[in-house]
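**Q** Questions regarding the structure given below will be posed in turn.
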Number of protein chains: 2
Amino acid sequence: MNQTRRDVFQAISDPTRREIIGLLARHSLNLNKVADHFTMSRPAVAKHIRILTECGLVIVQTRGRETYCQADLKGLKQVSEWANTYQEFWNDKLDALERLLDEDPSDENL
Amino acid sequence: MNQTRRDVFQAISDPTRREIIGLLARHSLNLNKVADHFTMSRPAVAKHIRILTECGLVIVQTRGRETYCQADLKGLKQVSEWANTYQEFWNDKLDALERLLDEDPSDENL
DNA sequence: TATAAATGAAACCATACGGTTTCCAAAAAA
DNA sequence: TTTTTTGGAAACCGTATGGTTTCATTTATA
């Protein structure tokens, strides 16, 4: 749970963190409220939230005794854009030809 | 490196695997050709490719003595769609109001 | 046929990950 | 001022991850 190079792709790889994102996107919540949505312990949820903050997807501010968590999902733009780079693969109308050329075994010695 | 439930989000969380995807999207390659693009060992690359196949992003077919790898990135649609769910967060024109309402501290007891 | 190329498989390793429990501190509420 | 509430922090644990080296096997090639 150290601060290795925390990037957005790694942050969203965990289903629990994607759920947290879903929660916080709708309304900001303090830590306990977030944890209430899960069966796992509060510290576990807190660690997930910390990871989300480390890559900027969640912003935390302490108010009194509580930790107020809000989503800031601008970072997901990067993910969307990266995936869309390969849109041709699921958008059948596009570039079928290009891909066919490439599936040709004769390309294999490149 | 076991077959836990391999999902696309986890598969793309590793930068090396995203690079492999980038390579194979342009042209299919056999394992050694893929490995040539990296400084790590061939077995390491092979493991990454295995993970990519486990979630369907890469298809492998053995031809003679070589392992021919091709991308099948339809699975990235899921990623794109998930990220786009939160498009409002980076598309400033949209829903600024809705989000402002939500950033209001008085919401915190939901 | 002997040799080289391409790869799978196994064993191993250090560290990251995802979780737990326990304890402590600070605010808020009774 | 006790007592909750809220959550940070630490220690720990089992397993997954990402890498290595070594060896065996299969297929082409000289």
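Residues in the structure tokens are numbered from 1 in each chain, the chains being A, B, ... in the order shown, and ligands are numbered from 1 in the order shown.
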Near chain B, meaning an atom within 12 Å, which residues of chain D appear when counting only C-alpha atoms (C1' of nucleotides)? Write them as a ChimeraX atom specification.
**A** /D:15-22,25-28
**Q** Show me, as CSV, the residues of chain A having an atom within 7 Å of chain B, each with the closest atom pair and its distance in Å, using only C-alpha atoms.
**A**
```
residue,atom,partner,partner_atom,distance
A:Phe9,CA,B:Ser13,CA,4.8
A:Gln10,CA,B:Ser13,CA,4.5
A:Ile12,CA,B:Phe9,CA,7.0
A:Ser13,CA,B:Gln10,CA,4.5
A:Asp14,CA,B:Gln10,CA,7.0
A:His27,CA,B:Asp102,CA,5.4
A:Ser28,CA,B:Glu108,CA,6.4
A:Leu29,CA,B:Glu108,CA,5.4
A:Asn30,CA,B:Glu108,CA,6.8
A:Asp72,CA,B:Phe89,CA,6.8
A:Leu73,CA,B:Phe89,CA,5.4
A:Lys74,CA,B:Trp90,CA,4.6
A:Leu76,CA,B:Ala83,CA,5.8
A:Lys77,CA,B:Trp90,CA,6.6
A:Val79,CA,B:Ala83,CA,6.6
A:Ser80,CA,B:Ser80,CA,4.9
A:Ala83,CA,B:Ser80,CA,5.5
A:Asn84,CA,B:Ser80,CA,6.4
A:Tyr86,CA,B:Leu73,CA,6.8
A:Phe89,CA,B:Lys74,CA,5.3
A:Trp90,CA,B:Lys74,CA,4.6
A:Asp102,CA,B:His27,CA,5.3
A:Glu103,CA,B:Ser28,CA,6.5
A:Glu108,CA,B:Leu29,CA,5.3
```
**Q** I'd like the interatomic distance between CA of Leu31 (chain B) and CA of Cys55 (chain B), to a tenth of an Å.
**A**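 Going from CA of Leu31 (chain B) over to CA of Cys55 (chain B) covers 17.8 Å.
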**Q** Can you tell me how far C1' of DT20 (chain C) sits from CA of Arg42 (chain A), in Å to one decimal?
**A**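 Computing it gives 10.4 Å between the two atoms.
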**Q** Out of A:Glu19, A:Thr62, A:Glu54, A:Asn32, which residue has the shortest atom-to-atom distance to chain C when counting only C-alpha atoms (C1' of nucleotides)?
**A**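 Distance minimum relative to chain C lands on A:Thr62.
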**Q** Could you state the separation of C1' of DC13 (chain C) and C1' of DA24 (chain D) in Å, given to one decimal place?
**A**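 Taking C1' of DC13 (chain C) as the start and C1' of DA24 (chain D) as the end point, the length is 22.3 Å.
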**Q** What are the residues of chain C that have an atom within 10 Å of an atom of chain B, counting only C-alpha atoms (C1' of nucleotides), as a list in words?
**A**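 Within 10 Å of chain B on chain C, we get DA5, DA6, DT7, DG8 and DA9 of chain C.
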**Q** Export C-alpha atoms (C1' of nucleotides) of the chosen residues as a PDB file, in the first residue's frame?
**A**
```
ATOM      1  C1'  DA C   5      15.120 -21.141 -33.129  1.00  0.00           C
ATOM      2  C1'  DA C   6      10.892 -20.544 -30.564  1.00  0.00           C
ATOM      3  C1'  DT C   7       8.603 -21.427 -26.738  1.00  0.00           C
ATOM      4  C1'  DG C   8       6.467 -23.755 -22.592  1.00  0.00           C
ATOM      5  C1'  DA C   9       7.069 -24.945 -17.895  1.00  0.00           C
TER       6       DA C   9
END
```
**Q** Report as a VMD selection string all protein, DNA and RNA residues lying within 9 Å of DT5 (chain D), evaluated on only C-alpha atoms (C1' of nucleotides), omitting residues in the same chain fewer than 2 positions from it.
**A** (chain A and resid 65) or (chain C and resid 27 to 29)
